[in-house]
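Below is query16.cif, holding mmCIF, N, CA and C atoms.
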data_input
loop_
_atom_site.label_atom_id
_atom_site.label_comp_id
_atom_site.auth_asym_id
_atom_site.auth_seq_id
_atom_site.Cartn_x
_atom_site.Cartn_y
_atom_site.Cartn_z
N MET A 1 11.25 -10.48 5.14
CA MET A 1 9.81 -10.33 5.03
C MET A 1 9.49 -8.89 4.65
N ASP A 2 8.47 -8.72 3.86
CA ASP A 2 8.05 -7.41 3.37
C ASP A 2 7.61 -6.50 4.52
N ASP A 3 8.05 -5.26 4.51
CA ASP A 3 7.73 -4.31 5.58
C ASP A 3 6.23 -4.07 5.72
N GLU A 4 5.51 -4.07 4.61
CA GLU A 4 4.06 -3.86 4.68
C GLU A 4 3.37 -5.01 5.41
N ILE A 5 3.87 -6.22 5.23
CA ILE A 5 3.31 -7.38 5.93
C ILE A 5 3.62 -7.27 7.41
N ILE A 6 4.85 -6.88 7.75
CA ILE A 6 5.22 -6.71 9.15
C ILE A 6 4.33 -5.67 9.82
N LEU A 7 4.12 -4.54 9.15
CA LEU A 7 3.25 -3.50 9.70
C LEU A 7 1.83 -4.04 9.88
N SER A 8 1.37 -4.80 8.94
CA SER A 8 0.04 -5.40 9.03
C SER A 8 -0.06 -6.33 10.24
N TYR A 9 0.97 -7.15 10.46
CA TYR A 9 1.00 -8.04 11.63
C TYR A 9 1.00 -7.24 12.93
N LEU A 10 1.76 -6.15 12.96
CA LEU A 10 1.80 -5.31 14.16
C LEU A 10 0.43 -4.67 14.42
N GLU A 11 -0.24 -4.22 13.38
CA GLU A 11 -1.56 -3.63 13.53
C GLU A 11 -2.57 -4.68 13.99
N GLU A 12 -2.43 -5.90 13.49
CA GLU A 12 -3.29 -7.00 13.91
C GLU A 12 -3.10 -7.30 15.40
N LEU A 13 -1.85 -7.31 15.85
CA LEU A 13 -1.56 -7.54 17.26
C LEU A 13 -2.13 -6.42 18.12
N ALA A 14 -1.97 -5.19 17.67
CA ALA A 14 -2.55 -4.05 18.41
C ALA A 14 -4.06 -4.22 18.55
N ASP A 15 -4.70 -4.63 17.48
CA ASP A 15 -6.15 -4.85 17.50
C ASP A 15 -6.51 -5.93 18.52
N GLN A 16 -5.74 -7.00 18.59
CA GLN A 16 -5.99 -8.07 19.56
C GLN A 16 -5.87 -7.56 20.99
N LEU A 17 -5.04 -6.54 21.18
CA LEU A 17 -4.85 -5.94 22.51
C LEU A 17 -5.89 -4.85 22.80
N GLY A 18 -6.76 -4.59 21.84
CA GLY A 18 -7.78 -3.57 22.03
C GLY A 18 -7.27 -2.16 21.76
N ILE A 19 -6.17 -2.06 21.03
CA ILE A 19 -5.59 -0.76 20.71
C ILE A 19 -6.11 -0.33 19.34
N LEU A 20 -6.70 0.83 19.28
CA LEU A 20 -7.17 1.39 18.02
C LEU A 20 -5.96 1.98 17.29
N VAL A 21 -5.77 1.59 16.03
CA VAL A 21 -4.67 2.12 15.23
C VAL A 21 -5.25 3.10 14.22
N ARG A 22 -4.70 4.31 14.25
CA ARG A 22 -5.19 5.35 13.33
C ARG A 22 -4.03 5.90 12.52
N ASP A 23 -4.24 5.99 11.23
CA ASP A 23 -3.26 6.57 10.31
C ASP A 23 -3.72 8.00 10.07
N GLU A 24 -3.04 8.97 10.67
CA GLU A 24 -3.46 10.36 10.66
C GLU A 24 -2.39 11.26 10.06
N SER A 25 -2.82 12.34 9.47
CA SER A 25 -1.90 13.37 9.02
C SER A 25 -1.59 14.25 10.23
N ILE A 26 -0.34 14.26 10.65
CA ILE A 26 0.06 15.04 11.82
C ILE A 26 0.79 16.28 11.32
N ASN A 27 0.18 17.42 11.51
CA ASN A 27 0.78 18.68 11.07
C ASN A 27 1.18 19.51 12.28
N LEU A 28 2.46 19.55 12.54
CA LEU A 28 3.00 20.35 13.62
C LEU A 28 3.99 21.34 13.03
N GLU A 29 3.93 22.56 13.47
CA GLU A 29 4.85 23.57 12.95
C GLU A 29 6.29 23.22 13.32
N GLU A 30 7.16 23.28 12.33
CA GLU A 30 8.61 23.13 12.49
C GLU A 30 9.05 21.81 13.13
N THR A 31 8.19 20.81 13.13
CA THR A 31 8.58 19.53 13.68
C THR A 31 7.86 18.42 12.93
N PHE A 32 8.42 17.24 12.97
CA PHE A 32 7.80 16.10 12.32
C PHE A 32 7.69 14.98 13.34
N SER A 33 6.50 14.51 13.58
CA SER A 33 6.28 13.40 14.50
C SER A 33 5.80 12.20 13.72
N ILE A 34 6.37 11.04 14.01
CA ILE A 34 5.94 9.84 13.31
C ILE A 34 4.78 9.16 14.03
N GLY A 35 4.40 9.70 15.18
CA GLY A 35 3.25 9.17 15.91
C GLY A 35 3.63 8.59 17.24
N GLY A 36 2.69 7.87 17.83
CA GLY A 36 2.94 7.26 19.13
C GLY A 36 1.66 6.75 19.76
N LEU A 37 1.83 6.18 20.94
CA LEU A 37 0.72 5.61 21.69
C LEU A 37 0.19 6.64 22.67
N CYS A 38 -1.13 6.74 22.74
CA CYS A 38 -1.73 7.62 23.73
C CYS A 38 -2.94 6.92 24.34
N ARG A 39 -3.42 7.48 25.41
CA ARG A 39 -4.58 6.91 26.09
C ARG A 39 -5.62 8.00 26.22
N VAL A 40 -6.82 7.73 25.68
CA VAL A 40 -7.91 8.69 25.71
C VAL A 40 -9.11 8.00 26.34
N GLU A 41 -9.60 8.58 27.42
CA GLU A 41 -10.75 8.04 28.13
C GLU A 41 -10.59 6.55 28.43
N GLY A 42 -9.38 6.18 28.84
CA GLY A 42 -9.11 4.81 29.24
C GLY A 42 -8.83 3.84 28.10
N LYS A 43 -8.87 4.31 26.87
CA LYS A 43 -8.61 3.43 25.72
C LYS A 43 -7.32 3.85 25.03
N TYR A 44 -6.55 2.84 24.63
CA TYR A 44 -5.29 3.11 23.95
C TYR A 44 -5.52 3.35 22.46
N ILE A 45 -4.80 4.32 21.94
CA ILE A 45 -4.83 4.64 20.52
C ILE A 45 -3.39 4.77 20.04
N LEU A 46 -3.09 4.07 18.97
CA LEU A 46 -1.77 4.16 18.35
C LEU A 46 -1.94 5.02 17.10
N ILE A 47 -1.35 6.20 17.14
CA ILE A 47 -1.45 7.13 16.02
C ILE A 47 -0.18 7.04 15.19
N LEU A 48 -0.37 6.76 13.89
CA LEU A 48 0.75 6.69 12.96
C LEU A 48 0.60 7.83 11.96
N ASN A 49 1.66 8.58 11.75
CA ASN A 49 1.63 9.68 10.80
C ASN A 49 1.53 9.11 9.39
N SER A 50 0.50 9.53 8.67
CA SER A 50 0.30 9.02 7.31
C SER A 50 1.45 9.39 6.38
N LYS A 51 2.24 10.39 6.75
CA LYS A 51 3.37 10.81 5.92
C LYS A 51 4.67 10.11 6.30
N ALA A 52 4.64 9.30 7.34
CA ALA A 52 5.84 8.57 7.77
C ALA A 52 6.08 7.39 6.83
N THR A 53 7.32 6.95 6.78
CA THR A 53 7.65 5.78 5.97
C THR A 53 7.13 4.52 6.67
N ILE A 54 7.07 3.43 5.93
CA ILE A 54 6.64 2.15 6.51
C ILE A 54 7.58 1.77 7.66
N LYS A 55 8.89 1.95 7.46
CA LYS A 55 9.85 1.61 8.52
C LYS A 55 9.61 2.44 9.78
N GLU A 56 9.30 3.72 9.62
CA GLU A 56 9.00 4.57 10.77
C GLU A 56 7.73 4.12 11.48
N LYS A 57 6.73 3.72 10.71
CA LYS A 57 5.49 3.23 11.31
C LYS A 57 5.74 1.93 12.08
N ILE A 58 6.60 1.08 11.53
CA ILE A 58 6.96 -0.16 12.23
C ILE A 58 7.66 0.17 13.54
N GLU A 59 8.59 1.11 13.49
CA GLU A 59 9.34 1.51 14.69
C GLU A 59 8.41 2.03 15.77
N VAL A 60 7.48 2.89 15.41
CA VAL A 60 6.52 3.43 16.38
C VAL A 60 5.64 2.32 16.94
N SER A 61 5.19 1.43 16.08
CA SER A 61 4.33 0.33 16.51
C SER A 61 5.06 -0.60 17.48
N VAL A 62 6.30 -0.93 17.15
CA VAL A 62 7.10 -1.80 18.02
C VAL A 62 7.27 -1.16 19.39
N LYS A 63 7.65 0.11 19.42
CA LYS A 63 7.85 0.80 20.70
C LYS A 63 6.57 0.82 21.53
N ALA A 64 5.43 1.00 20.86
CA ALA A 64 4.15 1.03 21.57
C ALA A 64 3.80 -0.35 22.12
N LEU A 65 3.95 -1.36 21.31
CA LEU A 65 3.55 -2.71 21.71
C LEU A 65 4.48 -3.33 22.74
N GLN A 66 5.72 -2.85 22.80
CA GLN A 66 6.66 -3.35 23.81
C GLN A 66 6.20 -3.01 25.23
N GLN A 67 5.28 -2.10 25.37
CA GLN A 67 4.80 -1.68 26.69
C GLN A 67 3.77 -2.65 27.28
N PHE A 68 3.34 -3.62 26.49
CA PHE A 68 2.29 -4.52 26.92
C PHE A 68 2.84 -5.92 27.18
N ASP A 69 2.19 -6.62 28.13
CA ASP A 69 2.58 -7.98 28.46
C ASP A 69 1.98 -8.93 27.41
N LEU A 70 2.85 -9.54 26.63
CA LEU A 70 2.41 -10.42 25.56
C LEU A 70 2.75 -11.88 25.83
N ASN A 71 3.16 -12.18 27.06
CA ASN A 71 3.61 -13.53 27.40
C ASN A 71 2.54 -14.59 27.20
N ASP A 72 1.28 -14.26 27.43
CA ASP A 72 0.20 -15.23 27.33
C ASP A 72 -0.52 -15.19 25.99
N MET A 73 0.06 -14.49 25.02
CA MET A 73 -0.57 -14.35 23.71
C MET A 73 0.32 -15.01 22.66
N TYR A 74 -0.34 -15.55 21.61
CA TYR A 74 0.45 -16.02 20.48
C TYR A 74 0.83 -14.79 19.65
N VAL A 75 2.11 -14.67 19.39
CA VAL A 75 2.64 -13.60 18.55
C VAL A 75 3.51 -14.26 17.50
N LYS A 76 3.29 -13.91 16.25
CA LYS A 76 4.09 -14.49 15.17
C LYS A 76 5.58 -14.32 15.50
N PRO A 77 6.39 -15.37 15.27
CA PRO A 77 7.79 -15.33 15.65
C PRO A 77 8.55 -14.10 15.16
N VAL A 78 8.34 -13.67 13.92
CA VAL A 78 9.06 -12.50 13.39
C VAL A 78 8.69 -11.24 14.18
N ILE A 79 7.44 -11.15 14.60
CA ILE A 79 6.99 -9.99 15.38
C ILE A 79 7.53 -10.07 16.81
N ARG A 80 7.52 -11.26 17.39
CA ARG A 80 8.07 -11.42 18.75
C ARG A 80 9.55 -11.03 18.76
N GLU A 81 10.29 -11.41 17.71
CA GLU A 81 11.70 -11.03 17.62
C GLU A 81 11.86 -9.51 17.59
N LEU A 82 11.03 -8.84 16.82
CA LEU A 82 11.09 -7.38 16.77
C LEU A 82 10.79 -6.78 18.15
N LEU A 83 9.75 -7.29 18.78
CA LEU A 83 9.33 -6.75 20.07
C LEU A 83 10.37 -7.00 21.16
N GLU A 84 11.06 -8.11 21.06
CA GLU A 84 12.07 -8.43 22.06
C GLU A 84 13.44 -7.85 21.71
N GLY A 85 13.51 -7.18 20.57
CA GLY A 85 14.77 -6.53 20.18
C GLY A 85 15.81 -7.48 19.65
N ILE A 86 15.38 -8.71 19.32
CA ILE A 86 16.34 -9.69 18.80
C ILE A 86 16.79 -9.30 17.40
N ASN A 87 15.84 -8.83 16.59
CA ASN A 87 16.15 -8.44 15.21
C ASN A 87 16.11 -6.93 15.15
N GLN A 88 17.23 -6.28 15.32
CA GLN A 88 17.28 -4.82 15.34
C GLN A 88 17.07 -4.22 13.95
N ASP A 89 17.40 -4.97 12.90
CA ASP A 89 17.21 -4.49 11.53
C ASP A 89 15.82 -4.90 11.08
N ILE A 90 14.94 -3.94 10.89
CA ILE A 90 13.54 -4.20 10.57
C ILE A 90 13.38 -4.81 9.20
N SER A 91 14.25 -4.56 8.28
CA SER A 91 14.08 -5.05 6.90
C SER A 91 14.30 -6.52 6.75
#

Here is the file; what I need is its structure written in the form of structure tokens.
Amino acid sequence: MDDEIILSYLEELADQLGILVRDESINLEETFSIGGLCRVEGKYILILNSKATIKEKIEVSVKALQQFDLNDMYVKPVIRELLEGINQDIS
């Protein structure tokens, strides 16, 4: 499956969980961050570095979403496999 579609599915799932997804330019001296999950005023925000590759954005999204209980939600099978670590190769 195309990586852009997978990222889109992950962003859709984050939205269903009430997580705001932001594609931001992260400029840190002498370091490169691909982003991560944070909590601001009680709301979750998933920040993805706009300069990161699609695969890196998928990796950050998967790590963030793995922190949430998704047992009672419908999750597309390919995404559930990623979240459960069944398919370690994202491509």

>> For the provided coordinates, the residues matched by the PyMOL selection byres ((chain A and resi 42-59) around 8) should be stated as a PyMOL selection string.
In response: chain A and resi 3-4+6-8+10+17-27+33-41+60-65+90-91

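Computed from the coordinates, the atom N of Glu12 (chain A) to CA of Gly85 (chain A) distance equals 18.5 Å.
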
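Counting only C-alpha atoms and comparing A:Val78, A:Leu83, A:Gln16, A:Phe68, the residue that lies closest to Met1 (chain A) is A:Val78.
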
Which of chain A counts as helix (DSSP H, G or I) under DSSP, as a PDB file with N, CA and C atoms, in the coordinates of the input please?
ATOM      1  N   ASP A   3       8.050  -5.260   4.510  1.00  0.00           N
ATOM      2  CA  ASP A   3       7.730  -4.310   5.580  1.00  0.00           C
ATOM      3  C   ASP A   3       6.230  -4.070   5.720  1.00  0.00           C
ATOM      4  N   GLU A   4       5.510  -4.070   4.610  1.00  0.00           N
ATOM      5  CA  GLU A   4       4.060  -3.860   4.680  1.00  0.00           C
ATOM      6  C   GLU A   4       3.370  -5.010   5.410  1.00  0.00           C
ATOM      7  N   ILE A   5       3.870  -6.220   5.230  1.00  0.00           N
ATOM      8  CA  ILE A   5       3.310  -7.380   5.930  1.00  0.00           C
ATOM      9  C   ILE A   5       3.620  -7.270   7.410  1.00  0.00           C
ATOM     10  N   ILE A   6       4.850  -6.880   7.750  1.00  0.00           N
ATOM     11  CA  ILE A   6       5.220  -6.710   9.150  1.00  0.00           C
ATOM     12  C   ILE A   6       4.330  -5.670   9.820  1.00  0.00           C
ATOM     13  N   LEU A   7       4.120  -4.540   9.150  1.00  0.00           N
ATOM     14  CA  LEU A   7       3.250  -3.500   9.700  1.00  0.00           C
ATOM     15  C   LEU A   7       1.830  -4.040   9.880  1.00  0.00           C
ATOM     16  N   SER A   8       1.370  -4.800   8.940  1.00  0.00           N
ATOM     17  CA  SER A   8       0.040  -5.400   9.030  1.00  0.00           C
ATOM     18  C   SER A   8      -0.060  -6.330  10.240  1.00  0.00           C
ATOM     19  N   TYR A   9       0.970  -7.150  10.460  1.00  0.00           N
ATOM     20  CA  TYR A   9       1.000  -8.040  11.630  1.00  0.00           C
ATOM     21  C   TYR A   9       1.000  -7.240  12.930  1.00  0.00           C
ATOM     22  N   LEU A  10       1.760  -6.150  12.960  1.00  0.00           N
ATOM     23  CA  LEU A  10       1.800  -5.310  14.160  1.00  0.00           C
ATOM     24  C   LEU A  10       0.430  -4.670  14.420  1.00  0.00           C
ATOM     25  N   GLU A  11      -0.240  -4.220  13.380  1.00  0.00           N
ATOM     26  CA  GLU A  11      -1.560  -3.630  13.530  1.00  0.00           C
ATOM     27  C   GLU A  11      -2.570  -4.680  13.990  1.00  0.00           C
ATOM     28  N   GLU A  12      -2.430  -5.900  13.490  1.00  0.00           N
ATOM     29  CA  GLU A  12      -3.290  -7.000  13.910  1.00  0.00           C
ATOM     30  C   GLU A  12      -3.100  -7.300  15.400  1.00  0.00           C
ATOM     31  N   LEU A  13      -1.850  -7.310  15.850  1.00  0.00           N
ATOM     32  CA  LEU A  13      -1.560  -7.540  17.260  1.00  0.00           C
ATOM     33  C   LEU A  13      -2.130  -6.420  18.120  1.00  0.00           C
ATOM     34  N   ALA A  14      -1.970  -5.190  17.670  1.00  0.00           N
ATOM     35  CA  ALA A  14      -2.550  -4.050  18.410  1.00  0.00           C
ATOM     36  C   ALA A  14      -4.060  -4.220  18.550  1.00  0.00           C
ATOM     37  N   ASP A  15      -4.700  -4.630  17.480  1.00  0.00           N
ATOM     38  CA  ASP A  15      -6.150  -4.850  17.500  1.00  0.00           C
ATOM     39  C   ASP A  15      -6.510  -5.930  18.520  1.00  0.00           C
ATOM     40  N   GLN A  16      -5.740  -7.000  18.590  1.00  0.00           N
ATOM     41  CA  GLN A  16      -5.990  -8.070  19.560  1.00  0.00           C
ATOM     42  C   GLN A  16      -5.870  -7.560  20.990  1.00  0.00           C
ATOM     43  N   ILE A  54       7.070   3.430   5.930  1.00  0.00           N
ATOM     44  CA  ILE A  54       6.640   2.150   6.510  1.00  0.00           C
ATOM     45  C   ILE A  54       7.580   1.770   7.660  1.00  0.00           C
ATOM     46  N   LYS A  55       8.890   1.950   7.460  1.00  0.00           N
ATOM     47  CA  LYS A  55       9.850   1.610   8.520  1.00  0.00           C
ATOM     48  C   LYS A  55       9.610   2.440   9.780  1.00  0.00           C
ATOM     49  N   GLU A  56       9.300   3.720   9.620  1.00  0.00           N
ATOM     50  CA  GLU A  56       9.000   4.570  10.770  1.00  0.00           C
ATOM     51  C   GLU A  56       7.730   4.120  11.480  1.00  0.00           C
ATOM     52  N   LYS A  57       6.730   3.720  10.710  1.00  0.00           N
ATOM     53  CA  LYS A  57       5.490   3.230  11.310  1.00  0.00           C
ATOM     54  C   LYS A  57       5.740   1.930  12.080  1.00  0.00           C
ATOM     55  N   ILE A  58       6.600   1.080  11.530  1.00  0.00           N
ATOM     56  CA  ILE A  58       6.960  -0.160  12.230  1.00  0.00           C
ATOM     57  C   ILE A  58       7.660   0.170  13.540  1.00  0.00           C
ATOM     58  N   GLU A  59       8.590   1.110  13.490  1.00  0.00           N
ATOM     59  CA  GLU A  59       9.340   1.510  14.690  1.00  0.00           C
ATOM     60  C   GLU A  59       8.410   2.030  15.770  1.00  0.00           C
ATOM     61  N   VAL A  60       7.480   2.890  15.410  1.00  0.00           N
ATOM     62  CA  VAL A  60       6.520   3.430  16.380  1.00  0.00           C
ATOM     63  C   VAL A  60       5.640   2.320  16.940  1.00  0.00           C
ATOM     64  N   SER A  61       5.190   1.430  16.080  1.00  0.00           N
ATOM     65  CA  SER A  61       4.330   0.330  16.510  1.00  0.00           C
ATOM     66  C   SER A  61       5.060  -0.600  17.480  1.00  0.00           C
ATOM     67  N   VAL A  62       6.300  -0.930  17.150  1.00  0.00           N
ATOM     68  CA  VAL A  62       7.100  -1.800  18.020  1.00  0.00           C
ATOM     69  C   VAL A  62       7.270  -1.160  19.390  1.00  0.00           C
ATOM     70  N   LYS A  63       7.650   0.110  19.420  1.00  0.00           N
ATOM     71  CA  LYS A  63       7.850   0.800  20.700  1.00  0.00           C
ATOM     72  C   LYS A  63       6.570   0.820  21.530  1.00  0.00           C
ATOM     73  N   ALA A  64       5.430   1.000  20.860  1.00  0.00           N
ATOM     74  CA  ALA A  64       4.150   1.030  21.570  1.00  0.00           C
ATOM     75  C   ALA A  64       3.800  -0.350  22.120  1.00  0.00           C
ATOM     76  N   LEU A  65       3.950  -1.360  21.310  1.00  0.00           N
ATOM     77  CA  LEU A  65       3.550  -2.710  21.710  1.00  0.00           C
ATOM     78  C   LEU A  65       4.480  -3.330  22.740  1.00  0.00           C
ATOM     79  N   PRO A  77       6.390 -15.370  15.270  1.00  0.00           N
ATOM     80  CA  PRO A  77       7.790 -15.330  15.650  1.00  0.00           C
ATOM     81  C   PRO A  77       8.550 -14.100  15.160  1.00  0.00           C
ATOM     82  N   VAL A  78       8.340 -13.670  13.920  1.00  0.00           N
ATOM     83  CA  VAL A  78       9.060 -12.500  13.390  1.00  0.00           C
ATOM     84  C   VAL A  78       8.690 -11.240  14.180  1.00  0.00           C
ATOM     85  N   ILE A  79       7.440 -11.150  14.600  1.00  0.00           N
ATOM     86  CA  ILE A  79       6.990  -9.990  15.380  1.00  0.00           C
ATOM     87  C   ILE A  79       7.530 -10.070  16.810  1.00  0.00           C
ATOM     88  N   ARG A  80       7.520 -11.260  17.390  1.00  0.00           N
ATOM     89  CA  ARG A  80       8.070 -11.420  18.750  1.00  0.00           C
ATOM     90  C   ARG A  80       9.550 -11.030  18.760  1.00  0.00           C
ATOM     91  N   GLU A  81      10.290 -11.410  17.710  1.00  0.00           N
ATOM     92  CA  GLU A  81      11.700 -11.030  17.620  1.00  0.00           C
ATOM     93  C   GLU A  81      11.860  -9.510  17.590  1.00  0.00           C
ATOM     94  N   LEU A  82      11.030  -8.840  16.820  1.00  0.00           N
ATOM     95  CA  LEU A  82      11.090  -7.380  16.770  1.00  0.00           C
ATOM     96  C   LEU A  82      10.790  -6.780  18.150  1.00  0.00           C
ATOM     97  N   LEU A  83       9.750  -7.290  18.780  1.00  0.00           N
ATOM     98  CA  LEU A  83       9.330  -6.750  20.070  1.00  0.00           C
ATOM     99  C   LEU A  83      10.370  -7.000  21.160  1.00  0.00           C
ATOM    100  N   GLU A  84      11.060  -8.110  21.060  1.00  0.00           N
ATOM    101  CA  GLU A  84      12.070  -8.430  22.060  1.00  0.00           C
ATOM    102  C   GLU A  84      13.440  -7.850  21.710  1.00  0.00           C
TER     103      GLU A  84
END

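Taking CA of Glu84 (chain A) and atom N of Asp69 (chain A) as the two end points, the separation is 11.7 Å.
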
> In Å to one decimal, how far is CA of Leu13 (chain A) from CA of Ile79 (chain A)?
Replying inline: 9.1 Å
